[in-house]
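What follows is my_file_1.txt (compact mmCIF, C-alpha atoms).
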```
# COMPACT_ATOMS: atom_id res chain seq x y z
CA MET A 1 0.00 0.00 0.00
CA LYS A 2 2.95 2.32 0.72
CA TYR A 3 4.37 1.50 -2.67
CA LEU A 4 1.57 2.98 -4.76
CA PRO A 5 1.98 6.64 -3.71
CA ALA A 6 5.77 6.25 -3.89
CA LEU A 7 5.47 4.90 -7.44
CA LEU A 8 3.07 7.73 -8.34
CA ALA A 9 5.46 10.32 -6.87
CA GLY A 10 8.37 8.80 -8.81
CA LEU A 11 6.36 8.91 -12.05
CA LEU A 12 5.28 12.54 -11.49
CA PHE A 13 8.86 13.49 -10.67
CA GLY A 14 10.16 11.76 -13.80
CA PHE A 15 7.51 13.35 -16.05
CA GLY A 16 8.36 16.74 -14.55
CA LEU A 17 12.11 16.33 -15.11
CA ALA A 18 11.67 15.12 -18.69
CA LEU A 19 9.14 17.83 -19.69
CA ALA A 20 11.21 20.54 -18.02
CA GLY A 21 14.36 19.66 -19.97
CA MET A 22 16.27 18.56 -16.87
CA THR A 23 17.08 15.21 -18.50
CA GLN A 24 19.02 17.11 -21.17
CA PRO A 25 22.48 17.85 -19.76
CA ALA A 26 22.93 20.47 -22.49
CA VAL A 27 20.03 22.47 -20.97
CA VAL A 28 21.38 22.08 -17.42
CA LEU A 29 24.89 23.14 -18.44
CA GLY A 30 23.32 26.04 -20.35
CA PHE A 31 21.69 27.21 -17.11
CA LEU A 32 25.04 27.11 -15.33
CA ASP A 33 26.77 28.91 -18.23
CA VAL A 34 25.97 32.36 -16.83
CA PHE A 35 29.03 33.88 -18.54
CA GLY A 36 28.22 32.33 -21.93
CA ALA A 37 25.00 31.41 -23.74
CA TRP A 38 22.86 31.44 -20.58
CA ASN A 39 19.66 29.36 -20.70
CA PRO A 40 17.27 30.46 -17.91
CA ARG A 41 14.91 27.46 -18.29
CA LEU A 42 15.85 25.93 -14.92
CA LEU A 43 14.73 29.07 -13.10
CA PHE A 44 11.18 28.31 -14.27
CA VAL A 45 11.50 24.68 -13.17
CA MET A 46 12.67 25.71 -9.71
CA ALA A 47 10.01 28.40 -9.35
CA GLY A 48 7.22 25.98 -10.32
CA ALA A 49 8.56 23.23 -8.09
CA VAL A 50 9.31 25.33 -5.00
CA LEU A 51 5.99 27.22 -5.10
CA THR A 52 3.94 24.04 -5.57
CA THR A 53 5.84 22.27 -2.79
CA ALA A 54 5.64 25.24 -0.40
CA ILE A 55 1.85 25.51 -0.79
CA GLY A 56 1.27 21.75 -0.84
CA TYR A 57 3.40 21.05 2.24
CA ARG A 58 1.47 23.61 4.28
CA LEU A 59 -1.84 22.02 3.31
CA VAL A 60 -0.50 18.54 4.10
CA TRP A 61 0.91 19.55 7.49
CA ARG A 62 -2.56 20.58 8.69
CA ARG A 63 -3.13 16.88 9.24
CA ALA A 64 -1.75 15.24 12.36
CA GLN A 65 0.08 12.56 10.41
CA PRO A 66 0.62 11.24 6.86
CA TRP A 67 -1.96 8.86 5.37
CA LEU A 68 0.26 5.79 5.48
CA ALA A 69 2.95 6.54 8.05
CA PRO A 70 2.92 7.31 11.80
CA ARG A 71 4.64 10.70 11.49
CA PHE A 72 6.19 13.28 9.17
CA SER A 73 9.95 12.60 8.84
CA LEU A 74 11.49 16.05 8.58
CA PRO A 75 15.22 16.74 8.89
CA ASP A 76 15.94 18.04 12.39
CA THR A 77 19.50 19.17 11.70
CA ARG A 78 19.73 22.93 12.11
CA HIS A 79 23.39 23.85 12.25
CA ILE A 80 25.50 24.97 9.32
CA ASP A 81 28.87 23.23 9.15
CA ALA A 82 31.75 22.39 6.86
CA ARG A 83 30.06 19.16 5.73
CA LEU A 84 27.04 21.01 4.41
CA VAL A 85 29.04 23.66 2.58
CA GLY A 86 31.85 21.33 1.42
CA GLY A 87 29.39 18.69 0.26
CA ALA A 88 27.32 21.25 -1.66
CA ALA A 89 30.51 22.65 -3.26
CA LEU A 90 31.72 19.20 -4.39
CA PHE A 91 28.25 18.41 -5.70
CA GLY A 92 28.20 21.72 -7.60
CA ILE A 93 31.54 20.95 -9.24
CA GLY A 94 30.33 17.50 -10.35
CA TRP A 95 27.03 19.01 -11.54
CA GLY A 96 28.94 21.60 -13.58
CA ILE A 97 31.24 19.02 -15.16
CA ALA A 98 28.56 16.80 -16.73
CA GLY A 99 25.17 18.46 -16.13
CA TYR A 100 23.66 15.58 -14.15
CA CYS A 101 22.27 15.75 -10.63
CA PRO A 102 20.92 12.53 -9.06
CA GLY A 103 17.29 12.79 -10.29
CA PRO A 104 17.99 13.37 -13.99
CA ALA A 105 20.79 10.76 -13.91
CA LEU A 106 18.34 8.10 -12.64
CA ALA A 107 15.58 9.26 -14.99
CA SER A 108 17.98 8.98 -17.95
CA LEU A 109 18.97 5.34 -17.29
CA GLY A 110 16.16 4.01 -19.48
CA ALA A 111 17.69 5.45 -22.65
CA GLY A 112 20.46 2.86 -22.35
CA LEU A 113 23.29 5.35 -22.82
CA TRP A 114 26.32 3.52 -21.45
CA SER A 115 28.15 6.60 -20.18
CA VAL A 116 25.07 7.60 -18.12
CA TRP A 117 25.18 4.16 -16.48
CA LEU A 118 28.88 4.75 -15.83
CA LEU A 119 28.08 8.11 -14.20
CA MET A 120 25.36 6.46 -12.10
CA ALA A 121 27.72 3.70 -10.94
CA ALA A 122 30.32 6.33 -9.98
CA MET A 123 27.60 8.26 -8.10
CA ALA A 124 26.71 5.13 -6.11
CA ILE A 125 30.40 4.68 -5.24
CA GLY A 126 30.49 8.34 -4.13
CA TRP A 127 27.45 7.76 -1.87
CA TRP A 128 29.15 4.71 -0.40
CA LEU A 129 32.46 6.52 0.15
CA ALA A 130 30.76 9.41 1.97
CA ALA A 131 28.91 6.92 4.17
CA GLN A 132 32.29 5.54 5.32
CA LEU A 133 33.25 8.89 6.91
CA PRO A 134 32.93 9.00 10.69
CA ALA A 135 29.54 10.24 11.89
CA ARG A 136 29.13 13.89 12.72
CA SER A 137 29.96 14.48 16.38
CA ASP A 138 27.08 15.54 18.60
CA ALA A 139 29.30 18.24 20.13
CA LYS A 140 28.81 20.28 16.97
CA ARG A 141 25.03 20.09 17.14
CA GLY A 142 22.86 23.03 18.04
CA MET B 1 4.61 25.20 -26.28
CA HIS B 2 7.29 27.65 -25.18
CA PRO B 3 10.12 25.82 -23.36
CA TRP B 4 9.84 28.18 -20.38
CA LEU B 5 6.14 27.37 -19.93
CA LEU B 6 6.88 23.67 -20.30
CA ALA B 7 9.66 24.10 -17.72
CA ALA B 8 7.26 25.70 -15.24
CA ILE B 9 4.72 22.89 -15.83
CA GLY B 10 7.50 20.34 -15.30
CA GLY B 11 8.40 22.15 -12.09
CA VAL B 12 4.79 21.96 -10.88
CA LEU B 13 4.79 18.19 -11.54
CA ILE B 14 8.02 17.85 -9.52
CA GLY B 15 6.35 19.83 -6.73
CA LEU B 16 3.25 17.61 -6.85
CA ALA B 17 5.52 14.56 -6.55
CA ALA B 18 7.06 16.07 -3.41
CA VAL B 19 3.59 16.82 -1.98
CA VAL B 20 2.30 13.27 -2.69
CA LEU B 21 5.32 11.75 -0.94
CA MET B 22 4.85 14.03 2.08
CA ALA B 23 1.08 13.50 2.27
CA ALA B 24 1.24 9.71 1.98
CA LEU B 25 4.53 8.73 3.64
CA GLY B 26 5.67 11.90 5.42
CA ARG B 27 8.91 11.85 3.46
CA ILE B 28 11.03 14.53 1.80
CA ALA B 29 11.42 13.91 -1.96
CA GLY B 30 15.20 14.10 -1.95
CA ILE B 31 16.52 11.87 -4.70
CA SER B 32 20.04 11.48 -3.33
CA GLY B 33 18.64 10.48 0.07
CA ILE B 34 16.03 8.10 -1.35
CA ALA B 35 18.43 6.38 -3.74
CA SER B 36 21.51 6.26 -1.49
CA GLY B 37 19.32 4.76 1.24
CA LEU B 38 18.91 1.74 -1.02
CA LEU B 39 22.65 1.08 -0.92
CA ALA B 40 23.13 1.27 2.82
CA GLY B 41 21.44 2.28 6.00
CA ALA B 42 17.78 1.74 5.17
CA ALA B 43 16.11 -1.01 7.19
CA ALA B 44 14.27 -3.81 5.40
CA GLY B 45 10.83 -2.22 5.92
CA ASP B 46 12.15 1.13 4.67
CA ARG B 47 13.31 -0.07 1.26
CA GLY B 48 10.14 -0.90 -0.68
CA TRP B 49 8.88 2.66 -1.11
CA ARG B 50 12.36 3.74 -2.25
CA VAL B 51 12.41 1.03 -4.92
CA ALA B 52 8.90 2.04 -6.04
CA PHE B 53 9.85 5.73 -6.26
CA VAL B 54 13.02 5.05 -8.27
CA ALA B 55 11.11 2.66 -10.55
CA GLY B 56 8.59 5.41 -11.30
CA LEU B 57 11.39 7.89 -11.93
CA VAL B 58 13.09 5.57 -14.43
CA ALA B 59 9.81 4.54 -16.09
CA ALA B 60 8.39 8.04 -16.63
CA PRO B 61 10.55 9.10 -19.62
CA LEU B 62 9.94 5.69 -21.23
CA LEU B 63 6.18 6.22 -20.91
CA LEU B 64 6.63 9.64 -22.52
CA LEU B 65 8.48 7.92 -25.35
CA LEU B 66 5.51 5.61 -25.89
CA VAL B 67 2.93 8.41 -25.71
CA ARG B 68 4.58 11.18 -27.71
CA GLY B 69 7.62 9.52 -29.33
CA ASP B 70 10.12 11.57 -27.34
CA SER B 71 11.49 10.51 -23.95
CA GLY B 72 13.00 13.94 -23.30
CA ILE B 73 16.34 12.28 -22.47
CA GLY B 74 19.27 14.16 -23.99
CA SER B 75 22.77 13.02 -24.89
CA PRO B 76 25.74 13.27 -22.53
CA GLN B 77 27.86 16.32 -23.29
CA VAL B 78 31.25 15.21 -21.96
CA ALA B 79 33.67 12.33 -22.53
CA TRP B 80 33.28 9.25 -20.32
CA PRO B 81 36.18 9.91 -17.91
CA TRP B 82 34.46 13.20 -17.05
CA MET B 83 31.19 11.33 -16.55
CA VAL B 84 32.96 9.12 -13.99
CA ALA B 85 34.56 12.10 -12.22
CA ALA B 86 31.21 13.95 -12.18
CA GLY B 87 29.38 10.91 -10.80
CA LEU B 88 31.88 10.47 -7.96
CA LEU B 89 31.71 14.16 -7.00
CA VAL B 90 27.90 14.31 -7.19
CA GLY B 91 27.53 11.13 -5.12
CA PHE B 92 30.10 12.05 -2.47
CA GLY B 93 29.01 15.69 -2.29
CA THR B 94 25.26 15.06 -2.04
CA ARG B 95 25.69 12.49 0.73
CA LEU B 96 28.17 14.70 2.63
CA GLY B 97 25.99 17.78 2.20
CA GLY B 98 22.78 15.95 3.02
CA GLY B 99 20.92 16.62 -0.21
CA CYS B 100 20.85 17.55 -3.87
CA THR B 101 18.81 19.72 -6.21
CA SER B 102 15.57 18.06 -5.05
CA GLY B 103 16.14 17.63 -1.30
CA HIS B 104 17.79 21.02 -0.70
CA GLY B 105 16.82 22.91 -3.86
CA VAL B 106 13.10 22.09 -3.94
CA CYS B 107 11.90 20.54 -0.65
CA GLY B 108 14.31 22.42 1.64
CA MET B 109 13.68 25.75 -0.07
CA ALA B 110 9.93 25.15 0.20
CA ARG B 111 10.38 24.58 3.96
CA LEU B 112 12.45 27.80 4.15
CA SER B 113 15.31 25.82 5.70
CA PRO B 114 18.40 28.04 6.12
CA ARG B 115 20.65 24.97 5.58
CA SER B 116 18.97 24.16 2.29
CA LEU B 117 19.00 27.77 1.12
CA LEU B 118 22.76 27.97 1.78
CA ALA B 119 23.43 24.58 0.17
CA THR B 120 21.45 25.58 -2.94
CA VAL B 121 23.35 28.84 -3.33
CA VAL B 122 26.67 27.01 -2.86
CA PHE B 123 26.01 24.24 -5.39
CA ILE B 124 24.70 26.65 -8.02
CA VAL B 125 27.68 29.00 -7.54
CA PHE B 126 30.17 26.10 -7.78
CA GLY B 127 28.31 24.75 -10.82
CA VAL B 128 28.55 28.15 -12.50
CA ILE B 129 32.27 28.45 -11.67
CA THR B 130 32.90 24.92 -12.99
CA VAL B 131 31.14 25.61 -16.29
CA TYR B 132 33.03 28.89 -16.63
CA VAL B 133 36.37 27.15 -16.07
CA THR B 134 35.67 24.13 -18.29
CA ARG B 135 33.95 25.98 -21.17
CA HIS B 136 35.58 29.38 -21.24
CA LEU B 137 39.05 28.78 -19.83
CA PHE B 138 39.68 25.24 -21.11
CA GLY B 139 37.44 25.19 -24.18
CA GLY B 140 35.05 22.45 -23.06
CA LEU B 141 35.08 18.76 -22.11
CA ALA B 142 33.33 17.63 -25.29
CA ALA B 143 32.58 13.94 -25.79
```
Let me see the file written as structure tokens.
Amino acid sequence: MKYLPALLAGLLFGFGLALAGMTQPAVVLGFLDVFGAWNPRLLFVMAGAVLTTAIGYRLVWRRAQPWLAPRFSLPDTRHIDARLVGGAALFGIGWGIAGYCPGPALASLGAGLWSVWLLMAAMAIGWWLAAQLPARSDAKRG
Amino acid sequence: MHPWLLAAIGGVLIGLAAVVLMAALGRIAGISGIASGLLAGAAAGDRGWRVAFVAGLVAAPLLLLLVRGDSGIGSPQVAWPWMVAAGLLVGFGTRLGGGCTSGHGVCGMARLSPRSLLATVVFIVFGVITVYVTRHLFGGLAA
């Protein structure tokens, strides 16, 4: 029963990425090419997505709990640290090299392009490597 | 249809996906978190919805291909060693930074999370710098 809404959400997400042009790395790199032939398309994607999510979340949170889970699982981390900034910077560099963030990379697997599969395998290795780092110390929390 | 309008419609669909996941399962639609949780960390009962979400994500462009003859999937723009380097950086960076374009950029921004706002600014700025360096200083990483 939990799987149906998750499948629906995945489908909606994939349709959105594909229609928006996010599964075209040329469009993504064009958005990041501010000092060249800048393509603003991603601004419209982000605006549509953030506004819809912001309104939708507030409607959803009026309920005491989700339909199919005991509670809302929201990140409780509040502090800003070197992991957040360093991680975002490394991600940005990788994003700027090839034009793939995790969603579009996954959504592009079905085209059977071997170098996209290679990128996805490398991404999985990157996830695994980062998971091997020692856990954040609680002393830094708050 | 104008690509900007299509982009905004695509964005609304992405937002609806995030709202469905929150309403039904109480979860943030962060792709790096959902997918990396399949590799490690997620308990047995916490895996099924992740598999279903990723399956939908992969299937959607293929359904578009059937319906309108165009999946929307574009060609890689850089040679394969750069694809490997990019994949490693995106994987390591999103896990270290606790999110990607969807988790920080869409869901976190919608929650007005200061962490997500900062992360989004940082990854866009570093993406812009990287494209400037690779395209305009080094003449591109063409495939």
Axis-aligned box for range 78-97 of chain A, 3 Å per side, centre and edges in Å as lines of an AutoDock Vina configuration file:
```
center_x = 25.8
center_y = 21.2
center_z = -1.5
size_x = 18.1
size_y = 13.5
size_z = 33.4
```
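Taking CA of Cys100 in chain B and CA of Gln77 in chain B as endpoints, the distance between them is 20.7 Å.
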Can you build me a table of range 10-113 of chain B residues sitting at most 7 Å from range 106-117 of chain A, with the closest atom pair per residue and its distance in Å to one decimal, using all atoms listed in the file, sorted by chain and residue number, as a tab-separated table?
```
residue	atom	partner	partner_atom	distance
B:Leu57	CA	A:Ala107	CA	5.4
B:Val58	CA	A:Ala107	CA	4.5
B:Pro61	CA	A:Ala107	CA	6.8
B:Leu62	CA	A:Gly110	CA	6.7
B:Ile73	CA	A:Ser108	CA	5.8
B:Trp80	CA	A:Ser115	CA	5.8
B:Met83	CA	A:Ser115	CA	6.7
```
Export C-alpha atoms of the chosen residues as a short mmCIF file (atom, residue, chain, number, x, y, z; two decimals), keeping the file's coordinate frame?
```cif
data_model
loop_
_atom_site.label_atom_id
_atom_site.label_comp_id
_atom_site.auth_asym_id
_atom_site.auth_seq_id
_atom_site.Cartn_x
_atom_site.Cartn_y
_atom_site.Cartn_z
CA LEU B 57 11.39 7.89 -11.93
CA VAL B 58 13.09 5.57 -14.43
CA PRO B 61 10.55 9.10 -19.62
CA LEU B 62 9.94 5.69 -21.23
CA ILE B 73 16.34 12.28 -22.47
CA TRP B 80 33.28 9.25 -20.32
CA MET B 83 31.19 11.33 -16.55
#
```
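Across the structure, CA of Met1 in chain A and CA of Leu68 in chain A are spaced 8.0 Å apart.
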Could you list as a PyMOL selection string every residue that has an atom within 12 Å of (5.7, 30.4, -17.6), using the file's coordinates and counting only C-alpha atoms? (chain A and resi 20+40-48) or (chain B and resi 1-12)
Pull C-alpha atoms from the residues just selected and write them as an mmCIF file, in the frame of the given file.
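Result saved to result.cif:
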```
data_model
loop_
_atom_site.group_PDB
_atom_site.id
_atom_site.type_symbol
_atom_site.label_atom_id
_atom_site.label_comp_id
_atom_site.auth_asym_id
_atom_site.auth_seq_id
_atom_site.Cartn_x
_atom_site.Cartn_y
_atom_site.Cartn_z
ATOM 1 C CA ALA A 20 11.210 20.540 -18.020
ATOM 2 C CA PRO A 40 17.270 30.460 -17.910
ATOM 3 C CA ARG A 41 14.910 27.460 -18.290
ATOM 4 C CA LEU A 42 15.850 25.930 -14.920
ATOM 5 C CA LEU A 43 14.730 29.070 -13.100
ATOM 6 C CA PHE A 44 11.180 28.310 -14.270
ATOM 7 C CA VAL A 45 11.500 24.680 -13.170
ATOM 8 C CA MET A 46 12.670 25.710 -9.710
ATOM 9 C CA ALA A 47 10.010 28.400 -9.350
ATOM 10 C CA GLY A 48 7.220 25.980 -10.320
ATOM 11 C CA MET B 1 4.610 25.200 -26.280
ATOM 12 C CA HIS B 2 7.290 27.650 -25.180
ATOM 13 C CA PRO B 3 10.120 25.820 -23.360
ATOM 14 C CA TRP B 4 9.840 28.180 -20.380
ATOM 15 C CA LEU B 5 6.140 27.370 -19.930
ATOM 16 C CA LEU B 6 6.880 23.670 -20.300
ATOM 17 C CA ALA B 7 9.660 24.100 -17.720
ATOM 18 C CA ALA B 8 7.260 25.700 -15.240
ATOM 19 C CA ILE B 9 4.720 22.890 -15.830
ATOM 20 C CA GLY B 10 7.500 20.340 -15.300
ATOM 21 C CA GLY B 11 8.400 22.150 -12.090
ATOM 22 C CA VAL B 12 4.790 21.960 -10.880
#
```
Per residue of range 67-110 of chain B within 10 Å of range 121-143 of chain B, note the shortest atom pair and the distance in Å to one decimal, counting all atoms listed in the file, and order the rows by chain and increasing residue number, as a Markdown table.
```
| residue | atom | partner | partner_atom | distance |
| --- | --- | --- | --- | --- |
| B:Ser75 | CA | B:Ala143 | CA | 9.9 |
| B:Pro76 | CA | B:Ala143 | CA | 7.6 |
| B:Gln77 | CA | B:Ala143 | CA | 5.8 |
| B:Val78 | CA | B:Ala143 | CA | 4.2 |
| B:Ala79 | CA | B:Ala143 | CA | 3.8 |
| B:Trp80 | CA | B:Ala143 | CA | 7.2 |
| B:Pro81 | CA | B:Ala143 | CA | 9.6 |
| B:Trp82 | CA | B:Leu141 | CA | 7.5 |
| B:Met83 | CA | B:Ala143 | CA | 9.7 |
| B:Gly93 | CA | B:Phe123 | CA | 9.6 |
| B:Thr94 | CA | B:Phe123 | CA | 9.8 |
| B:Gly97 | CA | B:Phe123 | CA | 10.0 |
| B:Cys100 | CA | B:Phe123 | CA | 8.6 |
| B:Thr101 | CA | B:Phe123 | CA | 8.5 |
| B:His104 | CA | B:Val121 | CA | 9.9 |
| B:Gly105 | CA | B:Val121 | CA | 8.8 |
```
Would you list the contacts of Pro114 in chain B as a PyMOL selection string, taking every protein, DNA or RNA residue within 9 Å and counting all atoms listed in the file, but skipping same-chain residues closer than 5 positions in sequence? (chain A and resi 78-80) or (chain B and resi 108-109+119)
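Counting from CA of Leu16 in chain B, the distance to CA of Ala59 in chain B is 17.3 Å.
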Using only C-alpha atoms, which residue out of B:Ala17, B:Ala29, B:Ile34, B:Leu63 lies closest to chain A?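 Nearest candidate to chain A out of B:Ala17, B:Ala29, B:Ile34, B:Leu63: B:Ala17.
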Do you know which residues are at most 6 Å from range 35-52 of chain B counting all atoms listed in the file, after dropping those on the same chain fewer than 4 positions away, and could you put them as a short mmCIF file (atom, residue, chain, number, x, y, z; two decimals) with C-alpha atoms, keeping the file's coordinate frame?
```cif
data_model
loop_
_atom_site.label_atom_id
_atom_site.label_comp_id
_atom_site.auth_asym_id
_atom_site.auth_seq_id
_atom_site.Cartn_x
_atom_site.Cartn_y
_atom_site.Cartn_z
CA TYR A 3 4.37 1.50 -2.67
CA ALA A 6 5.77 6.25 -3.89
CA LEU A 7 5.47 4.90 -7.44
CA ILE B 31 16.52 11.87 -4.70
#
```
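Within the 10 Å cut-off around Val27 in chain A, using only C-alpha atoms and omitting residues fewer than 3 positions from it on the same chain, the listed residues are Ala20, Gly21, Met22, Thr23, Gln24, Gly30, Phe31, Leu32, Asp33, Trp38, Asn39, Pro40, Arg41, Leu42 and Gly99 of chain A; Gly74 of chain B.
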Would you pick out the contacts of Pro75 in chain A at 10 Å or less, using all atoms listed in the file, so that residues sharing its chain but fewer than 2 positions from it are not included, and give the list as a list in words? Phe72, Ser73, Thr77 and Arg78 of chain A; Arg27, Ile28, Gly98, Gly108 and Ser113 of chain B
Closest to Leu12 in chain A among B:Ala24, B:Val54, B:Ala86, B:Leu118, using only C-alpha atoms?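 Once distances to Leu12 in chain A are computed over only C-alpha atoms, the minimum belongs to B:Val54.
For the choices B:Leu112, B:Gly87, B:Ser102, B:Leu117, the atom-to-atom distance to Gly30 in chain B is smallest for B:Ser102 when using all atoms listed in the file.
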So, counting all atoms listed in the file, which residue among A:Arg62, A:Pro104, A:Leu90, A:Ile55 is closest to chain B? A:Leu90
